[in-house]
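Heads up, final.cif below (mmCIF, C-alpha atoms):
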```
data_structure
loop_
_atom_site.label_atom_id
_atom_site.label_comp_id
_atom_site.auth_asym_id
_atom_site.auth_seq_id
_atom_site.Cartn_x
_atom_site.Cartn_y
_atom_site.Cartn_z
CA MET O 1 -204.95 -119.20 261.19
CA ALA O 2 -201.79 -119.11 263.30
CA ASP O 3 -199.90 -122.24 264.26
CA GLY O 4 -201.15 -123.52 267.60
CA ASP O 5 -204.61 -122.00 267.31
CA VAL O 6 -207.44 -124.07 268.76
CA ASP O 7 -209.85 -125.24 266.05
CA VAL O 8 -213.43 -124.88 267.27
CA ILE O 9 -216.90 -125.73 266.00
CA VAL O 10 -219.70 -123.71 267.60
CA VAL O 11 -223.23 -125.10 267.82
CA ASP O 12 -226.46 -123.30 268.73
CA ASP O 13 -229.96 -123.63 267.30
CA HIS O 14 -230.60 -119.87 267.62
CA PRO O 15 -229.08 -118.21 264.53
CA VAL O 16 -228.49 -114.85 266.24
CA VAL O 17 -226.72 -116.45 269.18
CA LEU O 18 -224.72 -118.68 266.84
CA GLU O 19 -223.54 -115.74 264.74
CA GLY O 20 -222.63 -113.80 267.87
CA LEU O 21 -220.51 -116.69 269.11
CA ARG O 22 -218.90 -117.21 265.71
CA ARG O 23 -217.90 -113.58 265.36
CA GLY O 24 -217.06 -112.92 268.99
CA LEU O 25 -214.98 -116.03 269.58
CA GLY O 26 -213.39 -115.68 266.15
CA GLN O 27 -211.87 -112.42 267.36
CA GLN O 28 -210.36 -114.02 270.45
CA PRO O 29 -206.64 -114.70 270.09
CA GLY O 30 -205.74 -118.35 269.80
CA LEU O 31 -209.12 -119.54 268.50
CA ASN O 32 -210.01 -120.54 264.95
CA ILE O 33 -213.73 -121.09 264.28
CA VAL O 34 -213.81 -123.75 261.57
CA ALA O 35 -217.61 -124.18 261.42
CA ALA O 36 -220.82 -122.85 262.95
CA CYS O 37 -223.83 -125.18 263.03
CA ASN O 38 -227.43 -124.46 264.06
CA ASP O 39 -228.65 -128.01 263.46
CA PRO O 40 -227.19 -130.93 265.45
CA SER O 41 -227.56 -133.20 262.42
CA THR O 42 -224.86 -131.25 260.59
CA VAL O 43 -222.39 -131.21 263.44
CA LEU O 44 -220.98 -134.72 263.08
CA ARG O 45 -220.31 -134.18 259.37
CA ASN O 46 -218.37 -131.04 260.22
CA VAL O 47 -216.50 -132.78 263.03
CA ALA O 48 -215.46 -135.55 260.63
CA ARG O 49 -214.40 -132.98 258.05
CA HIS O 50 -212.54 -130.48 260.21
CA LYS O 51 -211.41 -132.67 263.13
CA PRO O 52 -211.66 -129.75 265.57
CA ASP O 53 -209.99 -129.64 268.94
CA VAL O 54 -213.19 -128.53 270.65
CA VAL O 55 -216.93 -128.46 269.94
CA LEU O 56 -218.67 -125.68 271.87
CA THR O 57 -222.33 -126.65 271.95
CA ASP O 58 -225.59 -125.41 273.36
CA LEU O 59 -227.32 -127.97 275.58
CA LYS O 60 -230.99 -127.49 274.70
CA MET O 61 -231.64 -127.70 270.94
CA PRO O 62 -234.61 -127.45 271.55
CA ASP O 63 -234.35 -129.96 274.40
CA ARG O 64 -231.37 -131.18 276.37
CA ASP O 65 -231.60 -134.74 275.01
CA GLN O 66 -230.41 -133.50 271.62
CA GLY O 67 -227.45 -131.70 273.15
CA LEU O 68 -226.54 -134.65 275.35
CA GLN O 69 -226.79 -137.12 272.48
CA LEU O 70 -224.59 -134.89 270.36
CA VAL O 71 -221.92 -134.89 273.09
CA ARG O 72 -222.14 -138.68 273.41
CA SER O 73 -221.86 -139.18 269.65
CA ILE O 74 -218.81 -136.93 269.41
CA MET O 75 -217.12 -138.66 272.34
CA GLU O 76 -217.81 -142.10 270.87
CA GLY O 77 -216.89 -141.34 267.25
CA HIS O 78 -214.24 -138.65 267.63
CA PRO O 79 -212.34 -139.21 270.89
CA ASN O 80 -209.70 -136.60 270.03
CA THR O 81 -212.34 -133.86 269.98
CA ARG O 82 -213.46 -132.51 273.34
CA CYS O 83 -216.85 -130.98 274.11
CA VAL O 84 -217.75 -127.85 276.04
CA VAL O 85 -221.41 -127.34 276.95
CA LEU O 86 -222.52 -123.71 276.87
CA THR O 87 -225.89 -123.11 278.51
CA TYR O 88 -228.02 -120.84 280.67
CA SER O 89 -229.12 -123.80 282.78
CA GLU O 90 -227.94 -124.16 286.37
CA ASP O 91 -230.20 -127.18 286.85
CA PRO O 92 -228.18 -129.88 288.69
CA ASP O 93 -229.76 -132.55 286.49
CA ASP O 94 -228.46 -130.84 283.35
CA LEU O 95 -225.00 -130.46 284.87
CA PHE O 96 -224.90 -134.08 285.99
CA GLU O 97 -226.11 -135.47 282.65
CA ALA O 98 -223.63 -133.33 280.71
CA ASN O 99 -220.84 -134.69 282.90
CA GLN O 100 -222.06 -138.25 282.41
CA ALA O 101 -222.24 -137.75 278.64
CA GLY O 102 -218.56 -136.83 278.59
CA ALA O 103 -218.53 -133.03 278.38
CA ALA O 104 -215.15 -131.66 279.45
CA ALA O 105 -216.61 -128.38 280.69
CA TYR O 106 -219.95 -126.81 281.58
CA VAL O 107 -219.94 -123.05 280.95
CA LEU O 108 -222.78 -120.62 281.56
CA LYS O 109 -223.90 -118.33 278.75
CA ASP O 110 -223.73 -115.29 280.97
CA SER O 111 -219.93 -115.69 280.97
CA SER O 112 -217.95 -113.14 279.02
CA LEU O 113 -216.47 -114.00 275.63
CA GLU O 114 -213.05 -113.92 277.23
CA GLU O 115 -214.16 -116.42 279.90
CA ILE O 116 -215.73 -118.71 277.30
CA ALA O 117 -212.60 -118.53 275.14
CA GLY O 118 -210.45 -119.27 278.19
CA SER O 119 -212.50 -122.36 279.01
CA VAL O 120 -212.18 -123.59 275.42
CA LYS O 121 -208.40 -123.17 275.53
CA VAL O 122 -208.11 -124.99 278.87
CA VAL O 123 -210.14 -127.90 277.50
CA ALA O 124 -208.12 -128.02 274.27
CA ALA O 125 -204.95 -128.28 276.38
CA GLY O 126 -206.37 -131.30 278.19
CA GLY O 127 -207.53 -129.47 281.27
CA ARG O 128 -210.86 -128.85 282.90
CA PRO O 129 -211.86 -125.29 283.82
CA PRO O 130 -213.26 -124.89 287.33
CA LEU O 131 -216.98 -124.82 287.91
CA LYS O 132 -218.69 -122.14 289.94
CA PRO O 133 -218.53 -123.36 293.55
CA GLU O 134 -222.27 -123.88 293.79
CA LEU O 135 -222.29 -125.91 290.55
CA GLU O 136 -219.38 -128.04 291.73
CA ALA O 137 -221.28 -128.75 294.96
CA MET O 138 -224.33 -129.77 292.92
CA LEU O 139 -222.26 -132.11 290.76
CA TRP O 140 -220.63 -133.82 293.72
CA SER O 141 -224.00 -134.25 295.37
CA ARG O 142 -225.44 -135.94 292.29
CA LEU O 143 -222.38 -138.16 291.82
CA ARG O 144 -222.80 -139.37 295.40
CA GLU O 145 -226.49 -140.06 294.78
CA THR O 146 -225.83 -142.25 291.75
CA ALA O 147 -224.31 -145.13 293.63
CA ALA O 148 -223.82 -146.65 297.06
CA GLN O 149 -227.01 -148.70 297.03
CA GLY O 150 -227.30 -151.68 294.74
CA ARG O 151 -224.04 -151.30 292.84
CA PRO O 152 -222.85 -154.69 291.52
CA PHE O 153 -219.82 -156.35 293.11
CA ASN O 154 -220.09 -153.93 296.04
CA LEU O 155 -218.52 -151.14 293.99
CA SER O 156 -218.58 -147.78 295.73
CA ASP O 157 -219.95 -144.61 294.14
CA ARG O 158 -216.42 -143.44 293.31
CA GLU O 159 -215.34 -146.83 291.94
CA TRP O 160 -218.46 -147.04 289.78
CA ASN O 161 -217.78 -143.65 288.22
CA VAL O 162 -214.09 -144.43 287.70
CA LEU O 163 -215.03 -147.74 286.06
CA ARG O 164 -217.50 -145.94 283.80
CA LEU O 165 -214.76 -143.65 282.53
CA ILE O 166 -212.25 -146.49 282.21
CA SER O 167 -214.83 -148.29 280.06
CA GLN O 168 -215.13 -145.17 277.88
CA GLY O 169 -211.37 -145.14 277.26
CA TYR O 170 -210.38 -142.24 279.51
CA THR O 171 -206.83 -142.10 280.86
CA ASN O 172 -206.18 -141.71 284.58
CA GLN O 173 -205.35 -138.05 284.05
CA GLU O 174 -208.62 -137.48 282.20
CA ILE O 175 -210.54 -139.30 284.95
CA CYS O 176 -208.96 -136.96 287.49
CA GLN O 177 -210.24 -134.00 285.49
CA GLN O 178 -213.70 -135.46 284.93
CA LEU O 179 -214.33 -136.38 288.56
CA TYR O 180 -212.15 -133.74 290.28
CA LEU O 181 -210.01 -136.40 291.97
CA SER O 182 -206.28 -136.66 292.59
CA GLY O 183 -204.16 -139.13 290.65
CA ARG O 184 -203.53 -141.13 293.82
CA THR O 185 -207.27 -141.42 294.51
CA VAL O 186 -207.99 -142.61 290.96
CA ARG O 187 -205.20 -145.20 291.12
CA ARG O 188 -206.49 -146.47 294.46
CA ALA O 189 -210.04 -146.71 293.09
CA ALA O 190 -208.79 -148.60 290.02
CA THR O 191 -206.92 -151.08 292.22
CA GLU O 192 -210.08 -151.73 294.22
CA ILE O 193 -212.09 -152.16 291.01
CA PHE O 194 -209.64 -154.76 289.71
CA ARG O 195 -209.77 -156.63 293.03
CA LYS O 196 -213.56 -156.64 293.28
CA LEU O 197 -214.09 -157.69 289.65
CA ASP O 198 -211.21 -160.19 289.81
CA VAL O 199 -209.51 -158.72 286.74
CA ARG O 200 -205.87 -157.78 286.16
CA ASN O 201 -205.93 -154.44 284.38
CA ARG O 202 -207.93 -151.62 282.79
CA ALA O 203 -208.57 -153.50 279.56
CA GLU O 204 -210.04 -156.48 281.39
CA ALA O 205 -212.14 -154.21 283.62
CA ALA O 206 -213.53 -152.38 280.57
CA SER O 207 -214.25 -155.67 278.82
CA PHE O 208 -215.99 -157.03 281.93
CA ALA O 209 -218.20 -153.93 282.22
CA THR O 210 -219.05 -154.09 278.51
CA GLN O 211 -220.03 -157.75 278.76
CA LYS O 212 -222.32 -156.89 281.67
CA GLY O 213 -223.85 -154.03 279.68
CA TRP O 214 -223.38 -151.61 282.56
CA PHE O 215 -222.63 -148.43 280.62
CA LEU O 216 -224.48 -148.84 277.33
CA ASN O 217 -227.03 -146.06 277.91
#
```
Could you render the structure as structure tokens?
Amino acid sequence: MADGDVDVIVVDDHPVVLEGLRRGLGQQPGLNIVAACNDPSTVLRNVARHKPDVVLTDLKMPDRDQGLQLVRSIMEGHPNTRCVVLTYSEDPDDLFEANQAGAAAYVLKDSSLEEIAGSVKVVAAGGRPPLKPELEAMLWSRLRETAAQGRPFNLSDREWNVLRLISQGYTNQEICQQLYLSGRTVRRAATEIFRKLDVRNRAEAASFATQKGWFLN
């Protein structure tokens, strides 16, 4: 392994696909495959052992709930490891739920190995690779649908999603990447959140949301 290589764990419940990813990505410059898992139950042990930069995981193993829960568990227990979802699904519900779970990228399996490797490297560097335009439009549509009506304290859709990520410990820069917003827009949303909740800072906003149980699911 060369200095600066991105340490990656690949996850897929289909052994043939998993081996293809392990071998193919292992030949891409700048990537070091530290483990390959075909059972989600073994992933967290390997994450704790290897402390990878990125986990590249299938979404449906055999159903999407397992993939989503795996992403949530990694984000909660290993915040320095980022997750990339690799899937055939272009279902807007799958895309939205992966985003909500904390995945840093959503990559389609019909992408080339070079494209997949590129997305992994962007994520490892703290970035967020662009979605296909139609997928980005789907995501924005779903994000708009999640709020507006009935949000507590008159929080807007954008403010609700920013607060969710603040509560999960994301920095402003990471929130920009997650929600495709500018730094100025995120700062403005945070200021409005603090005003509406009558709190002074991010820590108090996160504590307030936790006490209310808003983002426990």
Next on the checklist: Given the point (-208.5, -125.5, 276.6) in the file's coordinates, find the residues that have an atom at most 10 Å from it, counting only C-alpha atoms, and give them as a VMD selection string.
Outcome noted: chain O and resid 6 53 to 54 82 84 104 to 105 116 to 129
Who sits within 7 Å of Arg202 of chain O, all atoms listed in the file, same chain under 3 positions skipped, as an mmCIF file with C-alpha atoms, in the frame of the given file:
```cif
data_model
loop_
_atom_site.group_PDB
_atom_site.id
_atom_site.type_symbol
_atom_site.label_atom_id
_atom_site.label_comp_id
_atom_site.auth_asym_id
_atom_site.auth_seq_id
_atom_site.Cartn_x
_atom_site.Cartn_y
_atom_site.Cartn_z
ATOM 1 C CA ILE O 166 -212.250 -146.490 282.210
ATOM 2 C CA ALA O 205 -212.140 -154.210 283.620
ATOM 3 C CA ALA O 206 -213.530 -152.380 280.570
#
```
Checklist entry - So what does the PyMOL selection byres ((chain O and resi 57) around 8) actually pick up in this one, as an MDAnalysis selection string? => result chainID O and resid 10:12 55:56 58:59 67 83:86
Next on the checklist: From the options O:Ala190, O:Pro52, O:Pro152, O:Met61, which residue's atoms come nearest to Ile74 of chain O, counting only C-alpha atoms?
Outcome noted: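 Checking each of O:Ala190, O:Pro52, O:Pro152, O:Met61 against Ile74 of chain O, counting only C-alpha atoms, the winner is O:Pro52.
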Item to check | Pairwise distance for atom CA of Thr87 of chain O and atom CA of Val107 of chain O, rounded to one decimal in Å | outcome: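 Atom-to-atom, atom CA of Thr87 of chain O to atom CA of Val107 of chain O, that is 6.4 Å.
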Reference answer for the PyMOL selection byres ((chain O and resi 35) around 10), as a compact mmCIF listing (two decimals) with C-alpha atoms, in the coordinates of the input:
```txt
# COMPACT_ATOMS: atom_id res chain seq x y z
CA ASP O 7 -209.85 -125.24 266.05
CA VAL O 8 -213.43 -124.88 267.27
CA ILE O 9 -216.90 -125.73 266.00
CA VAL O 10 -219.70 -123.71 267.60
CA VAL O 11 -223.23 -125.10 267.82
CA ARG O 22 -218.90 -117.21 265.71
CA ASN O 32 -210.01 -120.54 264.95
CA ILE O 33 -213.73 -121.09 264.28
CA VAL O 34 -213.81 -123.75 261.57
CA ALA O 36 -220.82 -122.85 262.95
CA CYS O 37 -223.83 -125.18 263.03
CA VAL O 43 -222.39 -131.21 263.44
CA ASN O 46 -218.37 -131.04 260.22
CA VAL O 47 -216.50 -132.78 263.03
CA ARG O 49 -214.40 -132.98 258.05
CA HIS O 50 -212.54 -130.48 260.21
CA PRO O 52 -211.66 -129.75 265.57
CA VAL O 55 -216.93 -128.46 269.94
```
Item to check | Gap from atom CA of Ala137 of chain O to atom CA of Ser112 of chain O - Å, one decimal | outcome: 22.6 Å
Item to check | Residues near Glu134 of chain O, cut-off 12 Å, only C-alpha atoms, skip fewer than 6 positions along chain, as a list in words | outcome: Glu90, Asp91, Pro92, Leu95, Trp140 and Ser141 of chain O
Since the input has fewer atoms than a full residue there, write segment 21-57 of chain O out with N, CA and C atoms, as an mmCIF file, in the frame of the given file.
```
data_model
loop_
_atom_site.group_PDB
_atom_site.id
_atom_site.type_symbol
_atom_site.label_atom_id
_atom_site.label_comp_id
_atom_site.auth_asym_id
_atom_site.auth_seq_id
_atom_site.Cartn_x
_atom_site.Cartn_y
_atom_site.Cartn_z
ATOM 1 N N LEU O 21 -221.624 -115.860 268.640
ATOM 2 C CA LEU O 21 -220.510 -116.690 269.110
ATOM 3 C C LEU O 21 -219.439 -116.820 268.032
ATOM 4 N N ARG O 22 -219.871 -117.038 266.802
ATOM 5 C CA ARG O 22 -218.900 -117.210 265.710
ATOM 6 C C ARG O 22 -218.030 -115.969 265.567
ATOM 7 N N ARG O 23 -218.661 -114.814 265.545
ATOM 8 C CA ARG O 23 -217.900 -113.580 265.360
ATOM 9 C C ARG O 23 -217.078 -113.240 266.599
ATOM 10 N N GLY O 24 -217.742 -113.319 267.757
ATOM 11 C CA GLY O 24 -217.060 -112.920 268.990
ATOM 12 C C GLY O 24 -215.877 -113.804 269.326
ATOM 13 N N LEU O 25 -216.075 -115.123 269.254
ATOM 14 C CA LEU O 25 -214.980 -116.030 269.580
ATOM 15 C C LEU O 25 -213.912 -116.017 268.485
ATOM 16 N N GLY O 26 -214.347 -115.763 267.246
ATOM 17 C CA GLY O 26 -213.390 -115.680 266.150
ATOM 18 C C GLY O 26 -212.407 -114.543 266.306
ATOM 19 N N GLN O 27 -212.762 -113.555 267.115
ATOM 20 C CA GLN O 27 -211.870 -112.420 267.360
ATOM 21 C C GLN O 27 -210.978 -112.624 268.582
ATOM 22 N N GLN O 28 -211.192 -113.727 269.285
ATOM 23 C CA GLN O 28 -210.360 -114.020 270.450
ATOM 24 C C GLN O 28 -209.040 -114.635 270.008
ATOM 25 N N PRO O 29 -207.932 -114.137 270.508
ATOM 26 C CA PRO O 29 -206.640 -114.700 270.090
ATOM 27 C C PRO O 29 -206.514 -116.165 270.461
ATOM 28 N N GLY O 30 -205.974 -116.934 269.529
ATOM 29 C CA GLY O 30 -205.740 -118.350 269.800
ATOM 30 C C GLY O 30 -206.869 -119.266 269.413
ATOM 31 N N LEU O 31 -207.985 -118.716 268.919
ATOM 32 C CA LEU O 31 -209.120 -119.540 268.500
ATOM 33 C C LEU O 31 -209.349 -119.408 267.011
ATOM 34 N N ASN O 32 -209.681 -120.522 266.374
ATOM 35 C CA ASN O 32 -210.010 -120.540 264.950
ATOM 36 C C ASN O 32 -211.352 -121.253 264.789
ATOM 37 N N ILE O 33 -212.390 -120.505 264.436
ATOM 38 C CA ILE O 33 -213.730 -121.090 264.280
ATOM 39 C C ILE O 33 -213.821 -121.718 262.896
ATOM 40 N N VAL O 34 -213.833 -123.052 262.854
ATOM 41 C CA VAL O 34 -213.810 -123.750 261.570
ATOM 42 C C VAL O 34 -215.203 -124.025 261.021
ATOM 43 N N ALA O 35 -216.226 -123.970 261.878
ATOM 44 C CA ALA O 35 -217.610 -124.180 261.420
ATOM 45 C C ALA O 35 -218.562 -123.678 262.489
ATOM 46 N N ALA O 36 -219.746 -123.263 262.040
ATOM 47 C CA ALA O 36 -220.820 -122.850 262.950
ATOM 48 C C ALA O 36 -222.089 -123.564 262.500
ATOM 49 N N CYS O 37 -222.696 -124.325 263.397
ATOM 50 C CA CYS O 37 -223.830 -125.180 263.030
ATOM 51 C C CYS O 37 -225.042 -124.839 263.902
ATOM 52 N N ASN O 38 -226.213 -124.695 263.278
ATOM 53 C CA ASN O 38 -227.430 -124.460 264.060
ATOM 54 C C ASN O 38 -228.349 -125.674 264.065
ATOM 55 N N ASP O 39 -227.871 -126.772 263.510
ATOM 56 C CA ASP O 39 -228.650 -128.010 263.460
ATOM 57 C C ASP O 39 -227.731 -129.153 263.897
ATOM 58 N N PRO O 40 -228.062 -129.854 264.987
ATOM 59 C CA PRO O 40 -227.190 -130.930 265.450
ATOM 60 C C PRO O 40 -226.884 -131.982 264.381
ATOM 61 N N SER O 41 -227.787 -132.171 263.436
ATOM 62 C CA SER O 41 -227.560 -133.200 262.420
ATOM 63 C C SER O 41 -226.381 -132.892 261.518
ATOM 64 N N THR O 42 -225.999 -131.616 261.448
ATOM 65 C CA THR O 42 -224.860 -131.250 260.590
ATOM 66 C C THR O 42 -223.540 -131.250 261.346
ATOM 67 N N VAL O 43 -223.607 -131.348 262.648
ATOM 68 C CA VAL O 43 -222.390 -131.210 263.440
ATOM 69 C C VAL O 43 -221.411 -132.337 263.188
ATOM 70 N N LEU O 44 -221.890 -133.579 263.221
ATOM 71 C CA LEU O 44 -220.980 -134.720 263.080
ATOM 72 C C LEU O 44 -220.274 -134.720 261.729
ATOM 73 N N ARG O 45 -220.974 -134.274 260.676
ATOM 74 C CA ARG O 45 -220.310 -134.180 259.370
ATOM 75 C C ARG O 45 -219.166 -133.173 259.429
ATOM 76 N N ASN O 46 -219.410 -132.053 260.100
ATOM 77 C CA ASN O 46 -218.370 -131.040 260.220
ATOM 78 C C ASN O 46 -217.234 -131.488 261.128
ATOM 79 N N VAL O 47 -217.555 -132.245 262.166
ATOM 80 C CA VAL O 47 -216.500 -132.780 263.030
ATOM 81 C C VAL O 47 -215.617 -133.742 262.238
ATOM 82 N N ALA O 48 -216.241 -134.619 261.439
ATOM 83 C CA ALA O 48 -215.460 -135.550 260.630
ATOM 84 C C ALA O 48 -214.612 -134.819 259.604
ATOM 85 N N ARG O 49 -215.135 -133.726 259.077
ATOM 86 C CA ARG O 49 -214.400 -132.980 258.050
ATOM 87 C C ARG O 49 -213.255 -132.158 258.626
ATOM 88 N N HIS O 50 -213.524 -131.435 259.704
ATOM 89 C CA HIS O 50 -212.540 -130.480 260.210
ATOM 90 C C HIS O 50 -211.666 -131.026 261.343
ATOM 91 N N LYS O 51 -212.138 -132.103 261.990
ATOM 92 C CA LYS O 51 -211.410 -132.670 263.130
ATOM 93 C C LYS O 51 -211.002 -131.583 264.132
ATOM 94 N N PRO O 52 -211.973 -130.863 264.667
ATOM 95 C CA PRO O 52 -211.660 -129.750 265.570
ATOM 96 C C PRO O 52 -211.107 -130.233 266.903
ATOM 97 N N ASP O 53 -210.441 -129.333 267.592
ATOM 98 C CA ASP O 53 -209.990 -129.640 268.940
ATOM 99 C C ASP O 53 -211.155 -129.639 269.920
ATOM 100 N N VAL O 54 -212.092 -128.710 269.707
ATOM 101 C CA VAL O 54 -213.190 -128.530 270.650
ATOM 102 C C VAL O 54 -214.491 -128.255 269.891
ATOM 103 N N VAL O 55 -215.585 -128.841 270.365
ATOM 104 C CA VAL O 55 -216.930 -128.460 269.940
ATOM 105 C C VAL O 55 -217.581 -127.732 271.110
ATOM 106 N N LEU O 56 -217.971 -126.499 270.872
ATOM 107 C CA LEU O 56 -218.670 -125.680 271.870
ATOM 108 C C LEU O 56 -220.146 -125.721 271.522
ATOM 109 N N THR O 57 -220.944 -126.398 272.340
ATOM 110 C CA THR O 57 -222.330 -126.650 271.950
ATOM 111 C C THR O 57 -223.337 -126.213 273.002
#
```
